[in-house]
$ cat protein29.txt   # compact mmCIF, C-alpha atoms and all ligand atoms
# COMPACT_ATOMS: atom_id res chain seq x y z
CA MET A 30 7.57 -114.89 190.42
CA LYS A 31 8.22 -118.52 189.69
CA GLU A 32 5.20 -119.56 191.72
CA LYS A 33 3.01 -117.00 190.02
CA MET A 34 4.12 -118.34 186.64
CA ASP A 35 3.42 -121.91 187.60
CA LYS A 36 0.00 -120.93 188.84
CA ILE A 37 -0.84 -119.13 185.59
CA LYS A 38 0.48 -122.04 183.56
CA ASN A 39 -1.49 -124.66 185.47
CA GLU A 40 -4.69 -122.67 185.39
CA ALA A 41 -4.31 -122.06 181.66
CA LEU A 42 -3.61 -125.72 180.93
CA ALA A 43 -6.59 -126.79 183.07
CA LEU A 44 -8.90 -124.38 181.20
CA ILE A 45 -7.60 -125.60 177.84
CA ASP A 46 -8.13 -129.16 178.93
CA SER A 47 -11.74 -128.56 179.95
CA ALA A 48 -12.73 -126.48 176.89
CA THR A 49 -15.44 -128.26 174.92
CA ASN A 50 -15.57 -126.15 171.78
CA THR A 51 -13.44 -123.78 169.71
CA ALA A 52 -15.23 -120.71 171.04
CA GLU A 53 -14.33 -121.55 174.63
CA LEU A 54 -10.80 -122.26 173.54
CA ASN A 55 -10.55 -118.86 171.93
CA ASP A 56 -11.64 -117.22 175.19
CA VAL A 57 -8.74 -118.97 176.90
CA ARG A 58 -6.34 -117.76 174.22
CA VAL A 59 -7.46 -114.15 174.78
CA LYS A 60 -7.38 -114.49 178.57
CA TYR A 61 -3.71 -115.56 178.59
CA LEU A 62 -2.06 -114.59 175.31
CA GLY A 63 -4.17 -111.61 174.24
CA LYS A 64 -2.75 -108.06 174.41
CA SER A 65 -3.88 -107.61 178.00
CA GLY A 66 -3.71 -111.33 178.73
CA GLU A 67 -2.00 -112.72 181.83
CA ILE A 68 1.09 -114.06 180.08
CA SER A 69 1.53 -110.82 178.18
CA ALA A 70 1.36 -109.09 181.58
CA LEU A 71 4.21 -111.32 182.83
CA MET A 72 6.35 -110.08 179.96
CA ARG A 73 5.65 -106.51 181.01
CA ASP A 74 6.51 -107.38 184.66
CA MET A 75 10.05 -108.17 183.45
CA ALA A 76 10.85 -104.49 183.71
CA GLY A 77 10.82 -104.83 187.50
CA VAL A 78 13.11 -107.87 187.60
CA PRO A 79 16.77 -107.25 188.56
CA LYS A 80 19.05 -107.24 185.54
CA GLU A 81 20.99 -110.43 186.45
CA GLU A 82 17.81 -112.47 186.83
CA ARG A 83 16.17 -111.30 183.63
CA PRO A 84 17.57 -113.96 181.27
CA MET A 85 16.49 -116.69 183.63
CA VAL A 86 13.03 -115.22 184.29
CA GLY A 87 12.60 -114.45 180.58
CA LYS A 88 13.36 -118.04 179.79
CA LEU A 89 10.74 -119.21 182.26
CA VAL A 90 8.09 -116.86 180.92
CA ASN A 91 8.82 -118.09 177.43
CA GLU A 92 8.49 -121.66 178.60
CA VAL A 93 5.09 -120.87 180.05
CA ARG A 94 4.03 -119.18 176.82
CA PHE A 95 5.23 -122.07 174.68
CA ALA A 96 3.55 -124.61 176.92
CA VAL A 97 0.22 -122.73 176.72
CA GLU A 98 0.53 -122.14 172.97
CA GLU A 99 1.30 -125.76 172.35
CA ALA A 100 -1.58 -126.96 174.51
CA LEU A 101 -3.90 -124.54 172.69
CA SER A 102 -2.90 -125.70 169.24
CA LYS A 103 -3.18 -129.37 170.20
CA LYS A 104 -6.64 -128.85 171.69
CA THR A 105 -7.72 -126.74 168.67
CA GLU A 106 -6.88 -129.61 166.38
CA LEU A 107 -8.62 -132.09 168.63
CA LEU A 108 -11.79 -130.04 168.81
CA ALA A 109 -11.81 -129.35 165.05
CA GLN A 110 -11.52 -133.06 164.50
CA ALA A 111 -14.39 -133.79 166.90
CA GLU A 112 -16.54 -131.10 165.34
CA LYS A 113 -15.91 -132.53 161.89
CA VAL A 114 -16.89 -136.00 163.04
CA ALA A 115 -20.09 -134.62 164.61
CA ARG A 116 -20.95 -132.73 161.45
CA LEU A 117 -20.41 -135.77 159.24
CA LYS A 118 -22.56 -137.82 161.59
CA ALA A 119 -25.36 -135.24 161.40
CA GLU A 120 -25.19 -135.19 157.62
CA GLU A 121 -25.14 -138.94 157.29
CA ILE A 122 -27.40 -140.31 154.56
CA ASP A 123 -28.66 -143.85 154.66
CA VAL A 124 -28.42 -144.79 151.01
CA THR A 125 -30.26 -148.03 151.68
CA LEU A 126 -33.52 -146.19 152.54
CA PRO A 127 -36.17 -146.24 149.82
CA ALA A 128 -36.07 -143.06 147.70
CA ILE A 129 -38.78 -140.37 147.94
CA GLY A 130 -40.21 -140.73 144.44
CA ASN A 131 -41.28 -137.79 142.29
CA GLU A 132 -44.99 -137.73 141.43
CA MET A 133 -45.42 -138.00 137.68
CA GLY A 134 -48.18 -135.98 136.09
CA THR A 135 -50.53 -137.54 133.54
CA LEU A 136 -52.37 -136.14 130.57
CA HIS A 137 -55.99 -135.18 131.20
CA PRO A 138 -58.42 -137.57 129.45
CA LEU A 139 -59.76 -134.65 127.39
CA THR A 140 -56.22 -133.89 126.23
CA ILE A 141 -55.60 -137.53 125.39
CA VAL A 142 -58.79 -137.71 123.29
CA LYS A 143 -58.15 -134.32 121.68
CA ASN A 144 -54.64 -135.36 120.64
CA GLU A 145 -55.99 -138.60 119.23
CA LEU A 146 -58.67 -136.71 117.27
CA ILE A 147 -56.12 -134.28 115.86
CA ASP A 148 -53.98 -137.24 114.72
CA ILE A 149 -56.95 -138.86 113.00
CA PHE A 150 -58.03 -135.71 111.14
CA ALA A 151 -54.45 -134.67 110.33
CA GLY A 152 -54.21 -138.05 108.62
CA MET A 153 -57.10 -136.98 106.37
CA GLY A 154 -55.47 -133.66 105.47
CA PHE A 155 -57.09 -131.35 108.04
CA SER A 156 -55.07 -128.72 109.86
CA VAL A 157 -55.79 -127.36 113.33
CA VAL A 158 -57.01 -123.79 113.87
CA GLU A 159 -57.82 -122.15 117.20
CA GLY A 160 -59.71 -118.95 118.00
CA PRO A 161 -60.77 -116.74 120.92
CA GLU A 162 -63.12 -118.00 123.65
CA ILE A 163 -64.58 -114.50 124.06
CA GLU A 164 -66.07 -114.10 120.63
CA SER A 165 -68.08 -111.52 118.75
CA ASP A 166 -71.72 -112.15 117.98
CA LEU A 167 -70.78 -111.79 114.31
CA TYR A 168 -68.59 -114.90 114.15
CA ASN A 169 -70.44 -116.96 116.74
CA PHE A 170 -73.89 -116.38 115.21
CA GLN A 171 -74.51 -113.88 112.40
CA LEU A 172 -72.05 -115.22 109.80
CA LEU A 173 -73.37 -118.70 110.61
CA ASN A 174 -76.84 -117.66 109.50
CA VAL A 175 -78.19 -116.97 112.97
CA PRO A 176 -79.27 -113.29 112.84
CA LYS A 177 -79.97 -111.35 116.02
CA ASP A 178 -83.35 -112.27 117.54
CA HIS A 179 -83.63 -115.35 115.31
CA PRO A 180 -85.46 -118.22 117.10
CA ALA A 181 -82.51 -120.54 116.30
CA ARG A 182 -80.61 -118.72 119.07
CA ASP A 183 -82.71 -120.70 121.53
CA MET A 184 -80.83 -123.85 120.47
CA GLN A 185 -77.88 -122.66 122.55
CA ASP A 186 -78.15 -121.08 126.02
CA THR A 187 -75.66 -118.30 125.52
CA PHE A 188 -73.62 -116.33 128.04
CA TYR A 189 -73.75 -112.80 126.66
CA ILE A 190 -71.01 -110.40 127.77
CA ASN A 191 -72.77 -107.51 126.09
CA ASP A 192 -74.94 -107.05 122.98
CA ASN A 193 -72.06 -107.86 120.67
CA MET A 194 -69.81 -110.20 122.65
CA VAL A 195 -70.45 -113.74 123.90
CA LEU A 196 -68.55 -116.60 125.47
CA ARG A 197 -68.42 -118.66 122.30
CA THR A 198 -71.07 -121.38 122.25
CA GLN A 199 -69.44 -123.33 119.44
CA THR A 200 -66.06 -123.50 117.75
CA SER A 201 -67.99 -123.02 114.48
CA ALA A 202 -67.05 -119.39 115.19
CA VAL A 203 -63.48 -120.28 114.22
CA GLN A 204 -64.74 -121.73 110.95
CA ALA A 205 -66.50 -118.43 110.15
CA ARG A 206 -63.23 -116.61 110.87
CA VAL A 207 -61.30 -118.90 108.52
CA MET A 208 -63.91 -118.70 105.73
CA THR A 209 -63.80 -114.89 105.76
CA THR A 210 -60.01 -114.79 105.49
CA GLU A 211 -59.01 -117.82 103.43
CA LYS A 212 -59.69 -119.14 99.96
CA PRO A 213 -60.79 -122.75 99.32
CA PRO A 214 -59.70 -125.48 99.40
CA ILE A 215 -60.18 -125.37 103.18
CA ARG A 216 -59.75 -128.37 105.46
CA ILE A 217 -59.65 -127.44 109.13
CA VAL A 218 -60.55 -128.79 112.55
CA CYS A 219 -61.18 -126.44 115.47
CA PRO A 220 -60.79 -127.88 118.96
CA GLY A 221 -61.46 -125.70 121.98
CA LYS A 222 -63.48 -124.74 125.04
CA VAL A 223 -67.05 -123.51 124.58
CA TYR A 224 -69.64 -122.23 127.05
CA ARG A 225 -73.36 -122.71 127.48
CA SER A 226 -75.68 -122.11 130.40
CA ASP A 227 -76.50 -125.78 130.77
CA ASP A 228 -75.85 -128.08 133.72
CA ASP A 229 -76.68 -131.77 134.32
CA ALA A 230 -74.99 -135.20 134.22
CA SER A 231 -74.23 -134.87 130.51
CA HIS A 232 -73.99 -131.07 130.21
CA SER A 233 -71.45 -128.73 131.75
CA PRO A 234 -71.42 -124.92 131.43
CA ILE A 235 -67.92 -125.33 130.03
CA PHE A 236 -67.11 -128.12 127.62
CA ASN A 237 -64.79 -128.90 124.75
CA GLN A 238 -65.78 -129.04 121.12
CA PHE A 239 -64.12 -130.36 118.05
CA GLU A 240 -65.54 -129.03 114.83
CA GLY A 241 -64.45 -129.65 111.25
CA LEU A 242 -64.92 -127.86 107.94
CA ALA A 243 -64.06 -128.81 104.37
CA VAL A 244 -64.75 -126.41 101.50
CA ASP A 245 -63.79 -127.27 97.96
CA LYS A 246 -65.30 -127.92 94.52
CA HIS A 247 -67.80 -130.81 94.39
CA ILE A 248 -67.96 -131.63 98.12
CA THR A 249 -70.96 -133.88 98.83
CA MET A 250 -72.75 -135.62 101.69
CA GLY A 251 -70.83 -138.75 100.62
CA ASP A 252 -67.54 -137.05 101.51
CA LEU A 253 -68.96 -136.11 104.89
CA LYS A 254 -70.13 -139.64 105.63
CA GLY A 255 -66.85 -141.21 104.52
CA CYS A 256 -64.86 -138.78 106.66
CA LEU A 257 -67.04 -139.41 109.73
CA GLU A 258 -66.90 -143.20 109.24
CA THR A 259 -63.10 -143.11 109.18
CA PHE A 260 -63.09 -140.93 112.30
CA ALA A 261 -65.58 -143.16 114.21
CA GLN A 262 -63.74 -146.38 113.35
CA LYS A 263 -60.38 -144.94 114.42
CA ILE A 264 -61.56 -143.38 117.68
CA PHE A 265 -63.86 -146.26 118.77
CA SER A 266 -63.29 -149.54 116.89
CA LYS A 267 -63.00 -150.89 113.36
CA ASP A 268 -66.49 -152.39 113.38
CA THR A 269 -68.21 -149.08 114.30
CA LYS A 270 -71.05 -148.13 111.96
CA VAL A 271 -72.31 -144.60 111.28
CA ARG A 272 -75.91 -143.54 110.71
CA LEU A 273 -77.16 -140.13 109.52
CA ARG A 274 -80.57 -138.79 110.55
CA PRO A 275 -82.17 -135.61 109.16
CA SER A 276 -81.89 -132.64 111.49
CA TYR A 277 -81.70 -128.86 111.52
CA PHE A 278 -78.84 -126.40 111.99
CA PRO A 279 -78.98 -122.86 110.64
CA PHE A 280 -75.48 -123.11 109.12
CA THR A 281 -75.94 -126.40 107.26
CA GLU A 282 -78.46 -127.45 104.65
CA PRO A 283 -79.26 -130.30 104.60
CA SER A 284 -78.33 -131.00 108.24
CA VAL A 285 -77.89 -134.36 109.91
CA GLU A 286 -77.48 -135.81 113.34
CA VAL A 287 -74.94 -138.61 113.39
CA ASP A 288 -75.17 -141.79 115.45
CA VAL A 289 -72.52 -144.48 115.88
CA THR A 290 -73.03 -148.06 116.99
CA CYS A 291 -72.65 -148.22 120.77
CA ALA A 292 -69.01 -148.65 121.80
CA MET A 293 -70.08 -150.72 124.84
CA CYS A 294 -72.30 -153.35 123.25
CA HIS A 295 -71.30 -152.91 119.58
CA GLY A 296 -74.91 -152.40 118.55
CA LYS A 297 -76.58 -155.19 120.54
CA GLY A 298 -78.29 -152.81 122.97
CA CYS A 299 -77.25 -152.00 126.53
CA ARG A 300 -77.68 -149.53 129.39
CA ILE A 301 -75.39 -146.95 127.76
CA CYS A 302 -77.34 -146.82 124.45
CA LYS A 303 -80.66 -147.30 126.27
CA GLY A 304 -81.19 -150.56 124.43
CA THR A 305 -81.10 -149.01 120.94
CA GLY A 306 -77.58 -150.06 119.88
CA TRP A 307 -76.92 -146.48 118.69
CA VAL A 308 -75.41 -143.42 120.39
CA GLU A 309 -75.78 -139.89 119.04
CA ILE A 310 -72.42 -138.16 118.85
CA LEU A 311 -72.54 -135.18 116.55
CA GLY A 312 -74.24 -132.66 114.31
CA ALA A 313 -73.18 -132.07 110.73
CA GLY A 314 -74.30 -131.16 107.24
CA ILE A 315 -73.54 -129.49 103.97
CA VAL A 316 -72.51 -125.88 104.59
CA ASN A 317 -75.49 -123.66 103.90
CA PRO A 318 -74.74 -121.71 100.64
CA VAL A 319 -75.95 -118.60 102.44
CA VAL A 320 -73.10 -119.00 104.93
CA LEU A 321 -70.51 -119.45 102.18
CA ASP A 322 -71.72 -116.31 100.41
CA MET A 323 -71.83 -114.24 103.63
CA CYS A 324 -68.22 -115.26 104.31
CA GLY A 325 -67.12 -114.29 100.79
CA ILE A 326 -66.91 -117.73 99.18
CA ASP A 327 -68.83 -118.17 95.94
CA SER A 328 -71.46 -120.84 96.62
CA LYS A 329 -71.94 -121.45 92.91
CA GLU A 330 -68.35 -122.59 92.61
CA TYR A 331 -67.75 -124.18 96.00
CA SER A 332 -69.54 -126.41 98.47
CA GLY A 333 -68.52 -127.76 101.84
CA PHE A 334 -69.35 -129.99 104.76
CA ALA A 335 -69.13 -129.18 108.45
CA PHE A 336 -69.45 -131.23 111.59
CA GLY A 337 -69.14 -130.64 115.30
CA PHE A 338 -69.06 -132.73 118.43
CA GLY A 339 -68.11 -132.58 122.09
CA ILE A 340 -64.70 -134.00 122.97
CA ASP A 341 -66.21 -134.61 126.42
CA ARG A 342 -68.91 -136.83 124.98
CA ILE A 343 -66.40 -138.85 122.95
CA ALA A 344 -64.24 -139.29 126.08
CA MET A 345 -67.29 -140.33 128.14
CA ILE A 346 -68.29 -142.97 125.56
CA LYS A 347 -64.74 -144.17 125.01
CA TYR A 348 -63.89 -144.56 128.71
CA GLY A 349 -67.37 -145.22 130.13
CA ILE A 350 -67.36 -142.01 132.22
CA PRO A 351 -70.86 -141.64 133.74
CA ASN A 352 -70.87 -137.90 134.56
CA ILE A 353 -69.34 -135.02 132.59
CA LYS A 354 -68.47 -133.22 135.86
CA MET A 355 -65.76 -135.78 136.55
CA LEU A 356 -63.83 -134.26 133.65
CA TYR A 357 -63.72 -130.87 135.39
CA GLU A 358 -63.33 -131.70 139.08
CA ASN A 359 -59.64 -132.65 138.74
CA ASP A 360 -59.83 -135.43 141.32
CA GLU A 361 -56.44 -137.14 141.05
CA ARG A 362 -57.95 -140.57 141.73
CA PHE A 363 -59.98 -140.10 138.56
CA LEU A 364 -57.29 -138.44 136.45
CA LYS A 365 -54.65 -141.07 137.19
CA GLN A 366 -56.66 -143.82 135.50
CA PHE A 367 -56.03 -142.74 131.94
CA ASN A 368 -52.30 -143.31 131.33
N1 LIG A 401 -72.03 -126.13 116.06
C1 LIG A 401 -73.01 -127.15 116.28
C2 LIG A 401 -73.30 -127.25 117.76
O1 LIG A 401 -72.47 -126.83 118.52
C3 LIG A 401 -72.59 -128.48 115.75
C4 LIG A 401 -72.50 -128.49 114.25
C5 LIG A 401 -71.33 -128.12 113.63
C6 LIG A 401 -73.60 -128.85 113.49
C7 LIG A 401 -71.24 -128.11 112.27
C8 LIG A 401 -73.50 -128.85 112.13
C9 LIG A 401 -72.37 -128.48 111.52
O2 LIG A 401 -74.31 -127.72 118.17
$ encode --input "protein29.txt" --output "structure tokens"
Amino acid sequence: MKEKMDKIKNEALALIDSATNTAELNDVRVKYLGKSGEISALMRDMAGVPKEERPMVGKLVNEVRFAVEEALSKKTELLAQAEKVARLKAEEIDVTLPAIGNEMGTLHPLTIVKNELIDIFAGMGFSVVEGPEIESDLYNFQLLNVPKDHPARDMQDTFYINDNMVLRTQTSAVQARVMTTEKPPIRIVCPGKVYRSDDDASHSPIFNQFEGLAVDKHITMGDLKGCLETFAQKIFSKDTKVRLRPSYFPFTEPSVEVDVTCAMCHGKGCRICKGTGWVEILGAGIVNPVVLDMCGIDSKEYSGFAFGFGIDRIAMIKYGIPNIKMLYENDERFLKQFN
């Protein structure tokens, strides 16, 4: 019996010694100390030991059990320690390495220019109004004095959704909406996306407009010119001059096309202004009395001015952007240059 015990003890201790992880160690625990483990079996064997020898044999069995338990607990601690060290090593962070930076977004040039424009016109008492991009023919055309089948429709290549709905071709539609619902005095600017079937280096089927409307008593062409001069000098430079040329729009009478001195050469003449010193930037005029009356504003009491331009065009002039498409391709190398 003594030999058997020694054998079990030595085997157990050897297995404990060679265990390399806690799982293996647990197997050893079960093999020897578990319910049907070898040491537990020794305890059961006691029944066959003669009465006088039992205390002695019992003592020995207990010694074996203690020895194995002690070895197990020592090794458990050792392995736990080793496993902890390995885990810490695996999780080690080298704080001296350069950080992985977060990419910062930037505002789109059209947003930058739009915000700047809103600031300028807010400073002159205009508030911002927005409207739907899918617009009814009524607001986009008819209330602006462009009846169905009128030749003036040819001025804008329109995407029709059906006979009565269009992708708005101008944010003037928002002005018609405001005039039919609000009483003068009105001072609004309407920024937003508009759509026309037009596509070359300076035209995109989608572009952004910024239109303005002022309706009050005694509004004149002088008010329009003063307002546009202030705008041009703030958005381009203080020495910018403004020139009005006669033109035609169905919703304004008289109508003008507005040029500013070239932002590149300041009027001397260069490639951008094709040597003329002037760049055309917008259409404007005195609101046609017919439009006021159609929208429910008495044209005998009130008059107004309206203007409209492309935010894209202003951005292209301001930043020297050669092709309007660059504003819609979202190439990061391009977009990152504006902050
Ligand atoms: N809505 C016109 C356009 O898109 C611009 C404009 C606005 C002209 C207001 C005159 C008055 O072409």
$ closest_atom_pairs --input "protein29.txt" --of "chain A" --to "ligand LIG 401 (chain A)" --cutoff "7 Å" --atoms "all atoms listed in the file" --output "Markdown table"
| residue | atom | partner | partner_atom | distance |
| --- | --- | --- | --- | --- |
| A:Thr198 | CA | A:LIG401 | O1 | 6.8 |
| A:Gln199 | CA | A:LIG401 | O1 | 4.7 |
| A:Thr200 | CA | A:LIG401 | N1 | 6.7 |
| A:Ser201 | CA | A:LIG401 | N1 | 5.3 |
| A:Glu240 | CA | A:LIG401 | C5 | 6.0 |
| A:Phe278 | CA | A:LIG401 | C8 | 5.9 |
| A:Phe280 | CA | A:LIG401 | C9 | 6.7 |
| A:Thr281 | CA | A:LIG401 | C9 | 5.9 |
| A:Ser284 | CA | A:LIG401 | C8 | 6.6 |
| A:Leu311 | CA | A:LIG401 | C3 | 6.7 |
| A:Gly312 | CA | A:LIG401 | C6 | 3.9 |
| A:Ala313 | CA | A:LIG401 | C8 | 3.5 |
| A:Gly314 | CA | A:LIG401 | C9 | 5.4 |
| A:Ala335 | CA | A:LIG401 | C7 | 4.5 |
| A:Phe336 | CA | A:LIG401 | C7 | 3.7 |
| A:Gly337 | CA | A:LIG401 | C5 | 3.7 |
| A:Phe338 | CA | A:LIG401 | C3 | 6.1 |
$ residues_near_point --input "protein29.txt" --point "(-57.5, -135.0, 123.5)" --cutoff "10 Å" --atoms "only C-alpha atoms" --output "count of residues only"
20
$ atom_distance --input "protein29.txt" --atom1 "atom CA of Ser102 of chain A" --atom2 "atom CA of Asp35 of chain A"
19.8 Å
$ residues_around --input "protein29.txt" --residues "Ile326 of chain A" --least-positions-apart "4" --cutoff "8 Å" --atoms "all atoms listed in the file" --output "VMD selection string"
chain A and resid 208 to 209 212 to 213 321 to 322 331
$ closest_residue --input "protein29.txt" --among "A:Arg58, A:Val86, A:Ser69, A:Thr305" --to "Met30 of chain A" --atoms "only C-alpha atoms"
A:Val86
$ closest_atom_pairs --input "protein29.txt" --of "segment 225-261 of chain A" --to "segment 349-354 of chain A" --cutoff "8 Å" --atoms "only C-alpha atoms" --output "Markdown table"
| residue | atom | partner | partner_atom | distance |
| --- | --- | --- | --- | --- |
| A:Ala230 | CA | A:Asn352 | CA | 4.9 |
| A:Ser231 | CA | A:Ile353 | CA | 5.3 |
| A:His232 | CA | A:Ile353 | CA | 6.5 |
| A:Ser233 | CA | A:Ile353 | CA | 6.7 |
$ residues_near_point --input "protein29.txt" --point "(-71.9, -118.5, 116.6)" --cutoff "12 Å" --atoms "only C-alpha atoms" --output "JSON, numbers by chain"
{"A": [162, 163, 164, 165, 166, 167, 168, 169, 170, 171, 172, 173, 174, 175, 176, 177, 181, 182, 184, 185, 186, 187, 188, 189, 193, 194, 195, 196, 197, 198, 199, 200, 201, 202, 203, 204, 205, 206, 223, 224, 225, 278, 279, 280, 320]}
$ atom_distance --input "protein29.txt" --atom1 "atom CA of Tyr357 of chain A" --atom2 "atom CA of Gly306 of chain A"
28.3 Å
$ atom_distance --input "protein29.txt" --atom1 "atom CA of Val157 of chain A" --atom2 "atom CA of Leu356 of chain A"
22.9 Å
$ closest_residue --input "protein29.txt" --among "A:Ser332, A:Asn191, A:Thr269, A:Thr290" --to "Met250 of chain A" --atoms "all atoms listed in the file"
A:Ser332
$ residues_around --input "protein29.txt" --residues "Asp46 of chain A" --least-positions-apart "4" --cutoff "10 Å" --atoms "only C-alpha atoms" --output "list in words"
Glu40, Ala41, Leu42, Leu54, Ala100, Leu101 and Lys104 of chain A
$ closest_residue --input "protein29.txt" --among "A:Gln110, A:Val316, A:Lys38, A:Asp229" --to "Ser328 of chain A" --atoms "only C-alpha atoms"
A:Val316
$ residues_around --input "protein29.txt" --residues "Lys254 of chain A" --least-positions-apart "5" --cutoff "12 Å" --atoms "only C-alpha atoms" --output "PyMOL selection string"
chain A and resi 248-249+259-261+270-274+285-289+312-315+334-336
$ closest_residue --input "protein29.txt" --among "A:Ala109, A:Asp183, A:Gly339, A:Tyr277" --to "Cys219 of chain A" --atoms "all atoms listed in the file"
A:Gly339
$ closest_residue --input "protein29.txt" --among "A:Leu126, A:Leu253, A:Ala243, A:Ala292" --to "Lys267 of chain A" --atoms "all atoms listed in the file"
A:Ala292
$ residues_around --input "protein29.txt" --residues "Met75 of chain A" --least-positions-apart "4" --cutoff "8 Å" --atoms "only C-alpha atoms" --output "list in words"
Leu71, Arg83, Val86 and Gly87 of chain A
